[in-house]
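Coordinates as given in input.txt (compact mmCIF, C-alpha atoms):
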```txt
# COMPACT_ATOMS: atom_id res chain seq x y z
CA MET N 296 0.00 0.00 0.00
CA SER N 297 1.05 3.60 -0.50
CA LEU N 298 2.61 5.20 2.54
CA CYS N 299 -0.36 7.35 3.59
CA VAL N 300 -2.99 4.65 3.04
CA SER N 301 -0.97 1.98 4.80
CA ALA N 302 -0.25 4.35 7.74
CA GLN N 303 -3.98 4.85 8.25
CA LEU N 304 -5.18 1.33 7.58
CA ARG N 305 -2.35 -1.02 8.51
CA PRO N 306 -3.14 -1.17 12.27
CA PHE N 307 -6.75 -2.07 11.52
CA ILE N 308 -5.99 -4.57 8.78
CA GLU N 309 -3.19 -6.23 10.76
CA GLY N 310 -5.56 -6.34 13.70
CA GLY N 311 -7.93 -8.47 11.66
CA VAL N 312 -10.45 -5.83 10.59
CA SER N 313 -11.49 -6.44 6.99
CA VAL N 314 -11.32 -3.66 4.43
CA LYS N 315 -14.98 -4.31 3.70
CA ILE N 316 -15.90 -3.42 7.31
CA ILE N 317 -13.59 -0.39 7.26
CA GLU N 318 -15.43 0.85 4.18
CA SER N 319 -19.00 -0.03 5.12
CA GLU N 320 -19.00 0.85 8.83
CA HIS N 321 -16.35 3.53 9.05
CA LYS N 322 -16.94 5.15 5.63
CA VAL N 323 -13.30 5.03 4.63
CA TYR N 324 -13.15 4.85 0.83
CA THR N 325 -9.92 2.92 0.51
CA ILE N 326 -9.54 2.73 -3.28
CA SER N 327 -10.44 6.39 -3.74
CA LEU N 328 -8.05 7.33 -0.95
CA ALA N 329 -5.22 5.37 -2.57
CA LEU N 330 -5.87 6.83 -6.02
CA ASP N 331 -5.92 10.37 -4.64
CA GLU N 332 -2.30 9.90 -3.60
CA MET N 333 -1.12 8.33 -6.88
CA TYR N 334 0.60 10.05 -9.75
CA ARG N 335 1.89 6.88 -11.39
CA SER N 336 0.55 3.34 -11.61
CA ASP N 337 0.84 1.32 -8.41
CA THR N 338 -1.10 -1.87 -8.97
CA LYS N 339 0.28 -3.47 -5.79
CA THR N 340 -1.57 -0.94 -3.63
CA ILE N 341 -4.82 -1.34 -5.55
CA SER N 342 -4.61 -5.13 -5.87
CA ASP N 343 -3.76 -5.48 -2.15
CA LEU N 344 -6.83 -3.46 -1.19
CA LEU N 345 -9.05 -5.36 -3.61
CA SER N 346 -7.78 -8.72 -2.37
CA LYS N 347 -8.72 -7.65 1.16
CA GLY N 348 -12.29 -6.87 0.15
CA ALA N 349 -12.18 -3.28 -1.06
CA ASP N 350 -15.08 -2.21 -3.28
CA PRO N 351 -13.76 -1.03 -6.69
CA ASN N 352 -16.80 1.22 -7.14
CA LEU N 353 -17.08 2.87 -3.73
CA LYS N 354 -16.57 6.63 -3.73
CA PRO N 355 -17.13 9.56 -1.40
CA GLU N 356 -20.26 11.60 -2.07
CA GLY N 357 -19.69 14.23 -4.73
CA ARG N 358 -16.47 12.61 -5.95
CA ASP N 359 -15.66 10.68 -9.12
CA PRO N 360 -15.67 6.84 -9.09
CA PRO N 361 -12.28 5.07 -8.83
CA LEU N 362 -12.28 4.01 -12.50
CA ILE N 363 -12.85 7.60 -13.58
CA VAL N 364 -10.07 8.88 -11.30
CA ALA N 365 -7.60 6.26 -12.57
CA THR N 366 -8.55 7.09 -16.17
CA GLU N 367 -8.18 10.84 -15.58
CA LYS N 368 -4.72 10.27 -14.06
CA ASN N 369 -3.76 7.96 -16.94
CA LEU N 370 -2.99 5.08 -14.55
CA GLN N 371 -3.22 2.33 -17.15
CA ASP N 372 -2.34 -0.67 -14.95
CA ASP N 373 -4.68 0.48 -12.20
CA VAL N 374 -7.52 0.89 -14.70
CA ASP N 375 -6.95 -2.68 -15.84
CA CYS N 376 -6.84 -3.88 -12.22
CA LEU N 377 -10.09 -2.10 -11.32
CA ILE N 378 -11.93 -3.42 -14.38
CA LYS N 379 -10.88 -7.00 -13.63
CA ALA N 380 -12.18 -6.50 -10.08
CA GLY N 381 -15.60 -5.44 -11.35
CA ALA N 382 -15.44 -1.66 -11.73
CA GLN N 383 -18.62 -0.26 -13.28
CA LEU N 384 -17.79 0.63 -16.88
CA ASP N 385 -20.82 2.88 -17.22
CA ASP N 386 -20.11 4.98 -14.13
CA VAL N 387 -19.84 8.66 -14.99
CA CYS N 388 -17.71 11.52 -13.75
CA ARG N 389 -19.17 14.72 -12.34
CA ASP N 390 -19.30 16.11 -15.91
CA GLY N 391 -21.40 13.15 -17.02
CA ASP N 392 -18.76 11.32 -19.08
CA THR N 393 -17.94 7.63 -18.79
CA ALA N 394 -14.33 6.45 -18.78
CA ILE N 395 -14.46 5.50 -22.47
CA VAL N 396 -15.73 8.96 -23.43
CA MET N 397 -12.96 10.55 -21.36
CA CYS N 398 -10.37 8.42 -23.17
CA CYS N 399 -11.68 9.49 -26.57
CA LYS N 400 -11.58 13.17 -25.55
CA LYS N 401 -8.06 12.87 -24.13
CA ASP N 402 -6.80 10.50 -26.84
CA SER N 403 -5.62 8.06 -24.16
CA LYS N 404 -5.33 5.12 -26.56
CA SER N 405 -3.82 2.53 -24.23
CA ILE N 406 -6.52 2.94 -21.56
CA ARG N 407 -9.18 3.37 -24.24
CA ASP N 408 -8.31 -0.02 -25.72
CA ILE N 409 -8.45 -1.73 -22.31
CA ILE N 410 -11.93 -0.31 -21.67
CA ILE N 411 -13.18 -1.12 -25.18
CA LYS N 412 -12.06 -4.74 -24.83
CA ALA N 413 -13.80 -4.98 -21.46
CA LEU N 414 -16.98 -3.49 -22.93
CA VAL N 415 -16.94 -5.79 -25.95
CA ASP N 416 -16.22 -8.89 -23.89
CA ASN N 417 -19.10 -8.12 -21.52
CA PRO N 418 -22.31 -7.62 -23.54
CA LYS N 419 -24.27 -6.41 -20.49
CA TRP N 420 -22.37 -3.12 -20.72
CA TYR N 421 -22.93 -2.20 -24.35
CA MET N 422 -26.52 -3.49 -24.22
CA ALA N 423 -27.33 -1.36 -21.17
CA SER N 424 -29.97 1.31 -21.63
CA GLU N 425 -29.72 5.01 -20.85
CA THR N 426 -25.98 5.13 -21.54
CA GLU N 427 -23.90 5.62 -24.65
CA MET N 428 -22.93 1.93 -24.55
CA PRO N 429 -25.54 0.81 -27.11
CA TYR N 430 -23.81 3.23 -29.49
CA LEU N 431 -20.38 1.69 -29.06
CA VAL N 432 -19.65 1.11 -32.77
CA ASP N 433 -20.93 4.59 -33.57
CA MET N 434 -18.63 6.04 -30.90
CA LEU N 435 -15.61 4.12 -32.17
CA ILE N 436 -16.09 5.35 -35.74
CA GLU N 437 -16.91 8.90 -34.65
CA ASN N 438 -13.61 9.03 -32.73
CA ASP N 439 -11.52 7.48 -35.53
CA VAL N 440 -10.63 4.37 -33.54
CA GLU N 441 -8.45 1.96 -35.50
CA ASP N 442 -10.07 -0.52 -37.94
CA SER N 443 -8.84 -3.55 -36.01
CA ILE N 444 -10.66 -2.46 -32.84
CA VAL N 445 -13.90 -1.69 -34.67
CA GLU N 446 -13.66 -5.06 -36.42
CA TYR N 447 -13.09 -6.79 -33.09
CA ALA N 448 -16.15 -5.14 -31.57
CA VAL N 449 -18.36 -6.14 -34.49
CA SER N 450 -16.94 -9.68 -34.57
CA ARG N 451 -17.86 -10.07 -30.89
CA GLY N 452 -21.47 -9.25 -31.64
CA VAL N 453 -21.73 -5.53 -30.92
CA ASP N 454 -24.73 -4.22 -32.89
CA PRO N 455 -23.47 -2.10 -35.83
CA ASN N 456 -26.78 -0.27 -36.24
CA PRO N 457 -27.57 1.97 -33.25
CA SER N 458 -27.08 5.70 -33.76
CA LEU N 459 -28.37 8.76 -31.98
CA LEU N 460 -31.93 9.56 -33.04
CA GLY N 461 -32.00 11.14 -36.48
CA LYS N 462 -28.21 11.30 -36.79
CA ASP N 463 -25.97 9.54 -39.30
CA SER N 464 -25.58 5.79 -38.77
CA PRO N 465 -22.18 4.18 -38.16
CA LEU N 466 -22.15 3.06 -41.81
CA MET N 467 -22.87 6.59 -43.04
CA LYS N 468 -20.06 7.97 -40.86
CA ALA N 469 -17.64 5.30 -42.07
CA ILE N 470 -18.39 6.17 -45.71
CA THR N 471 -18.11 9.91 -45.02
CA LYS N 472 -14.68 9.29 -43.49
CA GLN N 473 -13.78 7.10 -46.50
CA ARG N 474 -13.25 4.10 -44.22
CA TYR N 475 -14.42 1.65 -46.84
CA LYS N 476 -12.91 -1.42 -45.18
CA ILE N 477 -14.99 -0.76 -42.06
CA SER N 478 -17.99 0.01 -44.26
CA CYS N 479 -17.71 -3.50 -45.70
CA VAL N 480 -17.35 -4.99 -42.22
CA LEU N 481 -20.53 -3.22 -41.08
CA ILE N 482 -22.47 -4.32 -44.16
CA GLU N 483 -21.35 -7.92 -43.75
CA ALA N 484 -22.44 -7.74 -40.10
CA GLY N 485 -25.96 -6.85 -41.21
CA THR N 486 -26.12 -3.10 -40.76
CA ASP N 487 -29.23 -1.41 -42.15
CA VAL N 488 -28.06 0.09 -45.44
CA THR N 489 -31.43 1.80 -46.01
CA TYR N 490 -31.43 3.83 -42.78
CA ALA N 491 -31.84 7.56 -43.41
CA ASN N 492 -31.15 10.51 -41.11
CA THR N 493 -33.62 13.33 -40.47
CA ASP N 494 -32.61 14.96 -43.78
CA GLY N 495 -33.60 11.79 -45.63
CA THR N 496 -29.97 11.02 -46.52
CA ASN N 497 -28.84 7.39 -46.45
CA ALA N 498 -25.57 5.52 -46.98
CA PHE N 499 -26.13 5.22 -50.74
CA ASP N 500 -26.51 9.00 -51.04
CA ILE N 501 -23.27 9.62 -49.16
CA PHE N 502 -21.38 7.04 -51.20
CA SER N 503 -22.74 8.50 -54.44
CA GLU N 504 -21.66 11.99 -53.38
CA SER N 505 -18.23 10.68 -52.39
CA CYS N 506 -17.82 9.08 -55.81
CA LYS N 507 -18.87 12.34 -57.52
CA THR N 508 -16.44 14.35 -55.39
CA LEU N 509 -13.64 11.89 -56.21
CA LYS N 510 -14.43 12.05 -59.93
CA ASP N 511 -14.53 15.85 -59.88
CA SER N 512 -11.19 15.89 -58.08
CA GLN N 513 -9.64 13.52 -60.62
CA ASP N 514 -11.05 15.55 -63.53
CA GLU N 515 -9.64 18.74 -62.03
CA LYS N 516 -6.27 17.09 -61.55
CA ARG N 517 -6.20 15.84 -65.15
CA LYS N 518 -7.24 19.29 -66.41
CA SER N 519 -4.48 20.93 -64.38
CA GLU N 520 -1.90 18.45 -65.69
CA THR N 521 -3.05 19.03 -69.27
CA GLU N 522 -2.82 22.81 -68.89
CA GLN N 523 0.63 22.46 -67.37
CA ASP N 524 1.78 20.28 -70.27
CA THR N 525 0.38 22.82 -72.76
CA ASP N 526 2.18 25.68 -71.02
CA GLU N 527 5.44 23.75 -71.08
CA GLN N 528 5.04 23.00 -74.79
CA ASP N 529 4.28 26.68 -75.56
CA CYS N 530 7.34 27.68 -73.59
CA LYS N 531 9.54 25.24 -75.49
CA PHE N 532 8.11 26.44 -78.83
CA THR N 533 8.79 30.07 -77.93
CA ILE N 534 12.36 29.27 -76.96
CA SER N 535 12.92 27.38 -80.20
CA LEU N 536 11.77 30.41 -82.21
CA ARG N 537 14.42 32.53 -80.57
```
Written as structure tokens, that's how I'd like the structure from this file.
Amino acid sequence: MSLCVSAQLRPFIEGGVSVKIIESEHKVYTISLALDEMYRSDTKTISDLLSKGADPNLKPEGRDPPLIVATEKNLQDDVDCLIKAGAQLDDVCRDGDTAIVMCCKKDSKSIRDIIIKALVDNPKWYMASETEMPYLVDMLIENDVEDSIVEYAVSRGVDPNPSLLGKDSPLMKAITKQRYKISCVLIEAGTDVTYANTDGTNAFDIFSESCKTLKDSQDEKRKSETEQDTDEQDCKFTISLR
């Protein structure tokens, strides 16, 4: 345990008082207390407390849950330890963000990937209502998460369809971002290719527009190259006349 936590708790624990009793009867939030003192990963402290019965989700009133604190401090190993001990993946911080949303905002890829794997491997989380978890694939594409992770989520059975009401579907976003490999993965997984947003736009419309934009770009490039070649030829002809 960290110095401060062990100084406060060691006499009780060595005296046979369980961490569970310390937390429930004496309102000492051991994991939160330990994380407050950490500025680098210290899985021994966290794992010791957990092995002695500490609750990975217990937090003081008005404070962020342990998983959120560990994520905010970028304590990768401690995040992993808390998740394996049963930390609530859909707990939110005081600003209303879950740990996965925080990771996407901070671009904390290593912790993000740990949380995504935990979400994908435990369907109860991404199937939960009243959270962003049902929109996991949508969130991954929106935040430009790597193809391999999106593919893993879909391969594990995460629904590729859910999107925020009236907004673009995951497939539409993938096409807009020209992530055609992921678009194919979503289609093969059974995504609804006919879904339309509130403007009536669907995936086919976006793909058609993308193709038109690409063609216009190629035409413009060819036109520019042709004009450049013509200018060069005129220049050579002028020089030859001299």
Give me, please, the distance in Å between atom CA of Val364 of chain N and atom CA of Gly348 of chain N, quoted to one decimal. 19.6 Å
Selection: 9 Å around Leu435 of chain N, all atoms listed in the file, excl. self and same-chain fewer than 3 positions, as a ChimeraX atom specification: /N:399,430-432,438-441,444-445,465
Could those selected residues go to a file with C-alpha atoms, as a JSON list (two decimals), in the coordinates of the input?
```json
[["chain", "number", "residue", "atom", "x", "y", "z"],
["N", 399, "CYS", "CA", -11.68, 9.49, -26.57],
["N", 430, "TYR", "CA", -23.81, 3.23, -29.49],
["N", 431, "LEU", "CA", -20.38, 1.69, -29.06],
["N", 432, "VAL", "CA", -19.65, 1.11, -32.77],
["N", 438, "ASN", "CA", -13.61, 9.03, -32.73],
["N", 439, "ASP", "CA", -11.52, 7.48, -35.53],
["N", 440, "VAL", "CA", -10.63, 4.37, -33.54],
["N", 441, "GLU", "CA", -8.45, 1.96, -35.50],
["N", 444, "ILE", "CA", -10.66, -2.46, -32.84],
["N", 445, "VAL", "CA", -13.90, -1.69, -34.67],
["N", 465, "PRO", "CA", -22.18, 4.18, -38.16]]
```
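One distance worth recording is that between atom CA of Asp408 of chain N and atom CA of Arg358 of chain N, which is 24.8 Å.
Counting all atoms listed in the file and comparing N:Thr486, N:Ser403, N:Ser519, N:Thr471, the residue that lies closest to Ser503 of chain N is N:Thr471.
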Could you please determine the separation between atom CA of Val314 of chain N and atom CA of Ile395 of chain N in Å, to one decimal place? 28.6 Å
Considering only C-alpha atoms, state which residue in the set N:Asp375, N:Asp350, N:Asp442, N:Asp433 is at the smallest distance from Asp454 of chain N. N:Asp433
Could you name the residues that touch Gly357 of chain N at 12 Å or less, counting all atoms listed in the file, but leaving out those on the same chain fewer than 4 positions away, as a list of chain:residue names? N:Leu353, N:Val387, N:Cys388, N:Arg389, N:Asp390
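Close to (-12.7, -8.9, -22.0), meaning no more than 12 Å away when counting only C-alpha atoms, sit the residues Asp375, Ile378, Lys379, Gly381, Leu384, Asp408, Ile409, Ile410, Ile411, Lys412, Ala413, Leu414, Val415, Asp416, Asn417, Pro418, Lys419, Trp420, Tyr447, Ala448 and Arg451 of chain N.
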Excluding Pro355 of chain N and any residue of its chain fewer than 6 positions from it, enumerate the residues within 9 Å of it, using all atoms listed in the file, and give them as a ChimeraX atom specification. /N:322-324,327
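All protein, DNA and RNA residues at most 12 Å from (-31.0, 8.3, -41.3) are Asn456, Pro457, Ser458, Leu459, Leu460, Gly461, Lys462, Asp463, Ser464, Pro465, Leu466, Met467, Lys468, Asp487, Val488, Thr489, Tyr490, Ala491, Asn492, Thr493, Asp494, Gly495, Thr496, Asn497, Ala498, Phe499, Asp500 and Ile501 of chain N, using all atoms listed in the file.
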Compile the contact shell of Ala380 of chain N as a count of residues only: residues with an atom at most 9 Å away, counting only C-alpha atoms, same-chain residues fewer than 3 positions apart removed. 7
